[in-house]
Amino acid sequence: YILKDSLGSIKSAVNFIKKIIRNYSSTVLIVDDSKLYRTVLREDLEKLHLNVLEACDGQEALDVLNETEEKISLVLTDYYMPEVDGIELTMRLREDYEKDTLSIIALSASEDEHALSEFIKAGANDFLAKPHTFEGLSVRINSNLDVLDLFQTTKDLSNKDYLTGSYNRRYFFDASEAIVGKNARKDESIVVATLDIDKFKNINDTYGHDVGDAAIKQIASLLKQTLRRTDLVARFGGEEYCILLEDISFEDAQKLFEKIRATFEANIITIKDITIQYTVSLGVAYGKSSDIYEMLKVSDNALYEAKNTGRNKVII
Ligand code: GH3
Ligand code: MG
Ligand code: MG
Ligand code: MG
């Protein structure tokens with residue numbers, strides 16, 4: 001109620017809290033040669049619950065971006081700095097980071113119209129006059145983070161599947177291109193697997209589509225348990241998933257997919273008091289190839305064989 005009074009409505013209170021949570025996991029890099037100004041900015045940004053990193057000029061900023069494990073969402077950069085200045089930093093950053101993944105806000109004296117235009121031409125998203133006010137900084141930071149969130153939402157809408165939140169077929173082909181190309185150049189093998197629930201129609205027919213949907217949603221979370229975070233997993237349609245792996249020996253791939261098959265077999269799911277159990281079949285293609293479609297065809301044929309020879313098995 002206190003929030004409701006001060007913010008007008010429940011909806012804006014919820015948005016307010018969402019922003020605080022978002023900011024807690026967002027990192028801003030301050031780039032300024034003045035230690036004093038960096039300290040002032042840091043204090044203000046920390047009031048907005050952001051994580052803050054600092055660099056004293058453009059070169060150090062580039063080093064920080066290269067070296068840190070943290071994902072930096074926003075760079076707040078000064079204009080005049082020794083070595084690499086703000087404009088050059090902006091241009092160099094844009095060689096590696098698009099506007100939809102890294103937001104750059106330029107800081108410059110308000111009367112310096114030319115510098116501000118140069119910043120925008122170099123690829124800055126926004127600018128803020130120096131010396132800033134807390135309010136001016138706060139609205140710009142939040143609106144730029146909002147734009148990054150919007151980009152992410154749009155990307156998710158086109159790359160992810162609505163029912164499960166898993167990557168979709170489109171994303172699989174987009175992302176596989178780089179992986180397949182890299183391994184073909186290194187003359188390394190890749191693995192493509194197709195997984196499909198056995199007799200899934202029975203689940204739908206016996207318990208209804210809700211229960212079927214719940215079973216499909218479980219696929220991704222069960223796969224997560226055995227796969228690495230970097231492995232590519234996508235829902236191809238219905239109750240069929242495709243997996244692309246690199247950096248794995250034939251024997252380890254065999255063991256891994258057998259483990260996945262066994263995980264599904266042992267898994268019991270309860271949805272609205274209904275307990276179901278199901279098995280999956282997997283078709284796996286292992287080899288050196290620069291053609292993802294060819295690999296998918298091989299894994300599809302292997303899946304077909306698994307289905308025709310009893311199901312609940314891996315054919316590799
Ligand atoms: P098999 O062992 O040969 O794979 O038998 P199956 O019954 O699983 O056969 P198939 O893979 O052809 O069946 C897919 C079924 O999945 C048919 C379709 O009605 C159902 N299905 C496809 N998409 C969805 C979905 O989003 N939700 C639910 N609940 N069912 C779906
Ligand atoms: Mg300066
Ligand atoms: Mg099936
Ligand atoms: Mg199917």
# chains A, B, ... in the order shown; residues from 1 in each chain; ligands from 1
$ residues_near_ligand --ligand "ligand 1" --cutoff "9 Å" --atoms "only C-alpha atoms and all ligand atoms" --output "ChimeraX atom specification"
/A:163,196-205,208-216,237-240,279-281,304,307-308,311-312
$ select_by_dssp --residues "stretch 181-250 of chain A" --states "helix (DSSP H, G or I)" --output "ChimeraX atom specification"
/A:181-185,200-207,209-226,250
$ write_last_selection --atoms "C-alpha atoms" --output "mmCIF file, in the first residue's frame"
data_model
loop_
_atom_site.group_PDB
_atom_site.id
_atom_site.type_symbol
_atom_site.label_atom_id
_atom_site.label_comp_id
_atom_site.auth_asym_id
_atom_site.auth_seq_id
_atom_site.Cartn_x
_atom_site.Cartn_y
_atom_site.Cartn_z
ATOM 1 C CA GLY A 181 31.927 -24.229 -39.785
ATOM 2 C CA LYS A 182 34.485 -24.014 -36.972
ATOM 3 C CA ASN A 183 34.676 -27.799 -36.553
ATOM 4 C CA ALA A 184 34.876 -28.427 -40.279
ATOM 5 C CA ARG A 185 37.867 -26.065 -40.502
ATOM 6 C CA PHE A 200 3.400 -39.783 -27.415
ATOM 7 C CA LYS A 201 -0.020 -39.919 -29.055
ATOM 8 C CA ASN A 202 -1.060 -42.332 -26.305
ATOM 9 C CA ILE A 203 -0.288 -39.723 -23.638
ATOM 10 C CA ASN A 204 -2.362 -37.098 -25.442
ATOM 11 C CA ASP A 205 -5.197 -39.516 -26.125
ATOM 12 C CA THR A 206 -5.284 -40.975 -22.621
ATOM 13 C CA TYR A 207 -4.713 -37.899 -20.454
ATOM 14 C CA HIS A 209 -3.220 -32.242 -24.314
ATOM 15 C CA ASP A 210 -2.430 -30.454 -21.021
ATOM 16 C CA VAL A 211 -0.609 -33.485 -19.739
ATOM 17 C CA GLY A 212 1.049 -33.929 -23.153
ATOM 18 C CA ASP A 213 2.220 -30.316 -23.030
ATOM 19 C CA ALA A 214 3.659 -30.817 -19.544
ATOM 20 C CA ALA A 215 5.613 -33.835 -20.786
ATOM 21 C CA ILE A 216 7.017 -31.771 -23.670
ATOM 22 C CA LYS A 217 8.023 -28.966 -21.276
ATOM 23 C CA GLN A 218 9.920 -31.509 -19.200
ATOM 24 C CA ILE A 219 12.162 -32.503 -22.091
ATOM 25 C CA ALA A 220 14.258 -29.340 -21.917
ATOM 26 C CA SER A 221 14.753 -29.476 -18.159
ATOM 27 C CA LEU A 222 15.718 -33.158 -18.243
ATOM 28 C CA LEU A 223 18.192 -32.506 -21.064
ATOM 29 C CA LYS A 224 19.729 -29.660 -19.061
ATOM 30 C CA GLN A 225 20.673 -32.119 -16.316
ATOM 31 C CA THR A 226 22.990 -34.068 -18.600
ATOM 32 C CA PHE A 250 32.483 -41.169 -30.048
#
$ closest_residue --among "A:Glu118, A:Glu188, A:Asp291, A:Asp63" --to "A:Ile87" --atoms "only C-alpha atoms"
A:Glu118
$ closest_atom_pairs --of "chain A" --to "ligand 2" --cutoff "7 Å" --atoms "only C-alpha atoms and all ligand atoms" --output "tab-separated table"
residue	atom	partner	partner_atom_place_in_ligand_line	distance
A:Asp32	CA	ligand 2	1 (Mg)	5.7
A:Asp33	CA	ligand 2	1 (Mg)	5.0
A:Ser34	CA	ligand 2	1 (Mg)	6.1
A:Asp78	CA	ligand 2	1 (Mg)	5.6
A:Tyr79	CA	ligand 2	1 (Mg)	5.9
A:Tyr80	CA	ligand 2	1 (Mg)	4.2
A:Met81	CA	ligand 2	1 (Mg)	4.7
$ write_last_selection --atoms "N, CA and C atoms" --output "mmCIF file, in the first residue's frame"
data_model
loop_
_atom_site.group_PDB
_atom_site.id
_atom_site.type_symbol
_atom_site.label_atom_id
_atom_site.label_comp_id
_atom_site.auth_asym_id
_atom_site.auth_seq_id
_atom_site.Cartn_x
_atom_site.Cartn_y
_atom_site.Cartn_z
ATOM 1 N N ASP A 32 36.305 7.362 -17.405
ATOM 2 C CA ASP A 32 36.598 8.793 -17.226
ATOM 3 C C ASP A 32 37.989 8.937 -16.626
ATOM 4 N N ASP A 33 38.741 9.934 -17.107
ATOM 5 C CA ASP A 33 40.095 10.101 -16.570
ATOM 6 C C ASP A 33 40.103 10.824 -15.227
ATOM 7 N N SER A 34 38.976 11.402 -14.829
ATOM 8 C CA SER A 34 38.925 12.063 -13.529
ATOM 9 C C SER A 34 38.443 11.087 -12.460
ATOM 10 N N ASP A 78 33.368 9.321 -20.950
ATOM 11 C CA ASP A 78 33.784 10.708 -21.057
ATOM 12 C C ASP A 78 34.317 10.963 -22.479
ATOM 13 N N TYR A 79 34.482 12.249 -22.857
ATOM 14 C CA TYR A 79 34.999 12.595 -24.175
ATOM 15 C C TYR A 79 36.526 12.704 -24.142
ATOM 16 N N TYR A 80 37.026 13.754 -23.447
ATOM 17 C CA TYR A 80 38.470 13.967 -23.421
ATOM 18 C C TYR A 80 39.145 13.018 -22.441
ATOM 19 N N MET A 81 40.044 12.191 -22.956
ATOM 20 C CA MET A 81 40.829 11.302 -22.098
ATOM 21 C C MET A 81 42.163 11.080 -22.792
#
$ residues_around --residues "A:Lys130" --least-positions-apart "6" --cutoff "8 Å" --atoms "only C-alpha atoms" --output "list in words"
Leu107, Ser108, Ala109 and Ser110 of chain A
$ write_last_selection --atoms "C-alpha atoms" --output "tab-separated table (two decimals), in the first residue's frame"
chain	number	residue	atom	x	y	z
A	107	LEU	CA	29.29	12.22	-21.26
A	108	SER	CA	30.31	15.67	-22.38
A	109	ALA	CA	29.93	19.33	-21.50
A	110	SER	CA	26.43	20.48	-22.45
$ closest_residue --among "A:Thr263, A:Thr39, A:Thr194, A:Thr275" --to "ligand 4" --atoms "only C-alpha atoms and all ligand atoms"
A:Thr194
$ select_by_dssp --residues "stretch 90-294 of chain A" --states "strand (DSSP E)" --output "ChimeraX atom specification"
/A:103-109,126-130,167-168,190-197,232-237,240-246,268-271,274-277,280-287
$ atom_distance --atom1 "atom CA of A:Arg229" --atom2 "atom CA of A:Leu245"
10.9 Å
$ closest_residue --among "A:Asp112, A:Ser117, A:Leu227, A:Ala124" --to "A:Arg92" --atoms "only C-alpha atoms"
A:Ala124
$ closest_residue --among "A:Thr101, A:Lys160, A:Ser25, A:Ala55" --to "A:Glu70" --atoms "only C-alpha atoms"
A:Ser25
$ closest_residue --among "A:Asn125, A:Ala285, A:Lys313, A:Leu244" --to "A:Asn301" --atoms "only C-alpha atoms"
A:Ala285
$ residues_around --residues "A:Arg94" --least-positions-apart "4" --cutoff "9 Å" --atoms "only C-alpha atoms" --output "PDB file with N, CA and C atoms, in the first residue's frame"
ATOM      1  N   LEU A  89      36.993   5.174 -28.464  1.00  0.00           N
ATOM      2  CA  LEU A  89      36.508   4.024 -27.696  1.00  0.00           C
ATOM      3  C   LEU A  89      35.166   3.546 -28.266  1.00  0.00           C
ATOM      4  N   THR A  90      34.274   4.499 -28.520  1.00  0.00           N
ATOM      5  CA  THR A  90      32.952   4.148 -29.046  1.00  0.00           C
ATOM      6  C   THR A  90      33.075   3.413 -30.384  1.00  0.00           C
ATOM      7  N   GLU A  98      27.228  -4.816 -30.958  1.00  0.00           N
ATOM      8  CA  GLU A  98      26.143  -4.079 -31.622  1.00  0.00           C
ATOM      9  C   GLU A  98      25.359  -3.265 -30.573  1.00  0.00           C
ATOM     10  N   LYS A  99      24.572  -2.312 -31.090  1.00  0.00           N
ATOM     11  CA  LYS A  99      23.775  -1.474 -30.193  1.00  0.00           C
ATOM     12  C   LYS A  99      22.728  -2.257 -29.395  1.00  0.00           C
ATOM     13  N   LEU A 102      25.078  -3.867 -26.285  1.00  0.00           N
ATOM     14  CA  LEU A 102      25.840  -2.969 -25.406  1.00  0.00           C
ATOM     15  C   LEU A 102      25.407  -1.536 -25.685  1.00  0.00           C
ATOM     16  N   ALA A 122      29.668   7.988 -34.084  1.00  0.00           N
ATOM     17  CA  ALA A 122      30.587   6.877 -33.792  1.00  0.00           C
ATOM     18  C   ALA A 122      29.845   5.639 -33.300  1.00  0.00           C
ATOM     19  N   GLY A 123      28.557   5.822 -32.913  1.00  0.00           N
ATOM     20  CA  GLY A 123      27.782   4.643 -32.504  1.00  0.00           C
ATOM     21  C   GLY A 123      27.262   4.672 -31.080  1.00  0.00           C
ATOM     22  N   ALA A 124      27.325   5.847 -30.420  1.00  0.00           N
ATOM     23  CA  ALA A 124      26.762   5.937 -29.065  1.00  0.00           C
ATOM     24  C   ALA A 124      25.238   5.854 -29.138  1.00  0.00           C
TER      25      ALA A 124
END
$ residues_around --residues "A:Gln59" --least-positions-apart "6" --cutoff "9 Å" --atoms "only C-alpha atoms" --output "PDB file with N, CA and C atoms, in the first residue's frame"
ATOM      1  N   GLU A  83      45.403   9.031 -24.306  1.00  0.00           N
ATOM      2  CA  GLU A  83      45.458   7.807 -25.120  1.00  0.00           C
ATOM      3  C   GLU A  83      44.184   7.654 -25.955  1.00  0.00           C
ATOM      4  N   VAL A  84      43.344   6.705 -25.618  1.00  0.00           N
ATOM      5  CA  VAL A  84      42.127   6.468 -26.403  1.00  0.00           C
ATOM      6  C   VAL A  84      40.974   7.305 -25.827  1.00  0.00           C
ATOM      7  N   ASP A  85      40.472   8.274 -26.613  1.00  0.00           N
ATOM      8  CA  ASP A  85      39.390   9.124 -26.086  1.00  0.00           C
ATOM      9  C   ASP A  85      38.015   8.466 -26.292  1.00  0.00           C
ATOM     10  N   LEU A  89      36.993   5.174 -28.464  1.00  0.00           N
ATOM     11  CA  LEU A  89      36.508   4.024 -27.696  1.00  0.00           C
ATOM     12  C   LEU A  89      35.166   3.546 -28.266  1.00  0.00           C
TER      13      LEU A  89
END
$ closest_residue --among "A:Leu303, A:Ala262, A:Ala253, A:Val180" --to "A:Tyr286" --atoms "only C-alpha atoms"
A:Ala253
$ residues_around --residues "A:Leu62" --least-positions-apart "4" --cutoff "12 Å" --atoms "only C-alpha atoms" --output "PDB file with C-alpha atoms, in the first residue's frame"
ATOM      1  CA  LEU A  29      31.419   0.463 -16.933  1.00  0.00           C
ATOM      2  CA  ILE A  30      32.398   4.064 -16.144  1.00  0.00           C
ATOM      3  CA  VAL A  31      35.170   5.455 -18.351  1.00  0.00           C
ATOM      4  CA  GLU A  54      35.710   1.675 -13.693  1.00  0.00           C
ATOM      5  CA  ALA A  55      38.353   2.498 -16.290  1.00  0.00           C
ATOM      6  CA  CYS A  56      40.510   5.643 -16.481  1.00  0.00           C
ATOM      7  CA  ASP A  57      40.623   5.827 -20.288  1.00  0.00           C
ATOM      8  CA  GLY A  58      39.500   4.154 -23.499  1.00  0.00           C
ATOM      9  CA  ASN A  66      38.072  -8.158 -22.842  1.00  0.00           C
ATOM     10  CA  GLU A  67      39.093  -9.519 -19.496  1.00  0.00           C
ATOM     11  CA  THR A  68      36.048  -9.463 -17.238  1.00  0.00           C
ATOM     12  CA  ILE A  72      28.629  -5.435 -19.243  1.00  0.00           C
ATOM     13  CA  VAL A  75      29.350   1.926 -20.987  1.00  0.00           C
ATOM     14  CA  THR A  77      32.127   7.323 -21.340  1.00  0.00           C
ATOM     15  CA  VAL A  84      42.127   6.468 -26.403  1.00  0.00           C
ATOM     16  CA  ASP A  85      39.390   9.124 -26.086  1.00  0.00           C
ATOM     17  CA  GLY A  86      35.630   8.620 -25.861  1.00  0.00           C
ATOM     18  CA  GLU A  88      37.653   6.329 -30.504  1.00  0.00           C
ATOM     19  CA  LEU A  89      36.508   4.024 -27.696  1.00  0.00           C
ATOM     20  CA  THR A  90      32.952   4.148 -29.046  1.00  0.00           C
ATOM     21  CA  MET A  91      34.108   3.306 -32.575  1.00  0.00           C
ATOM     22  CA  ARG A  92      36.324   0.464 -31.359  1.00  0.00           C
ATOM     23  CA  LEU A  93      33.520  -0.966 -29.199  1.00  0.00           C
ATOM     24  CA  ARG A  94      31.121  -0.938 -32.136  1.00  0.00           C
ATOM     25  CA  GLU A  95      33.458  -3.231 -34.066  1.00  0.00           C
ATOM     26  CA  ASP A  96      32.660  -5.984 -31.553  1.00  0.00           C
ATOM     27  CA  TYR A  97      29.367  -5.043 -29.878  1.00  0.00           C
TER      28      TYR A  97
END
$ atom_distance --atom1 "atom CA of A:Val147" --atom2 "atom CA of A:Leu48"
17.0 Å
$ atom_distance --atom1 "atom CA of A:Cys242" --atom2 "atom CA of A:Val314"
13.8 Å
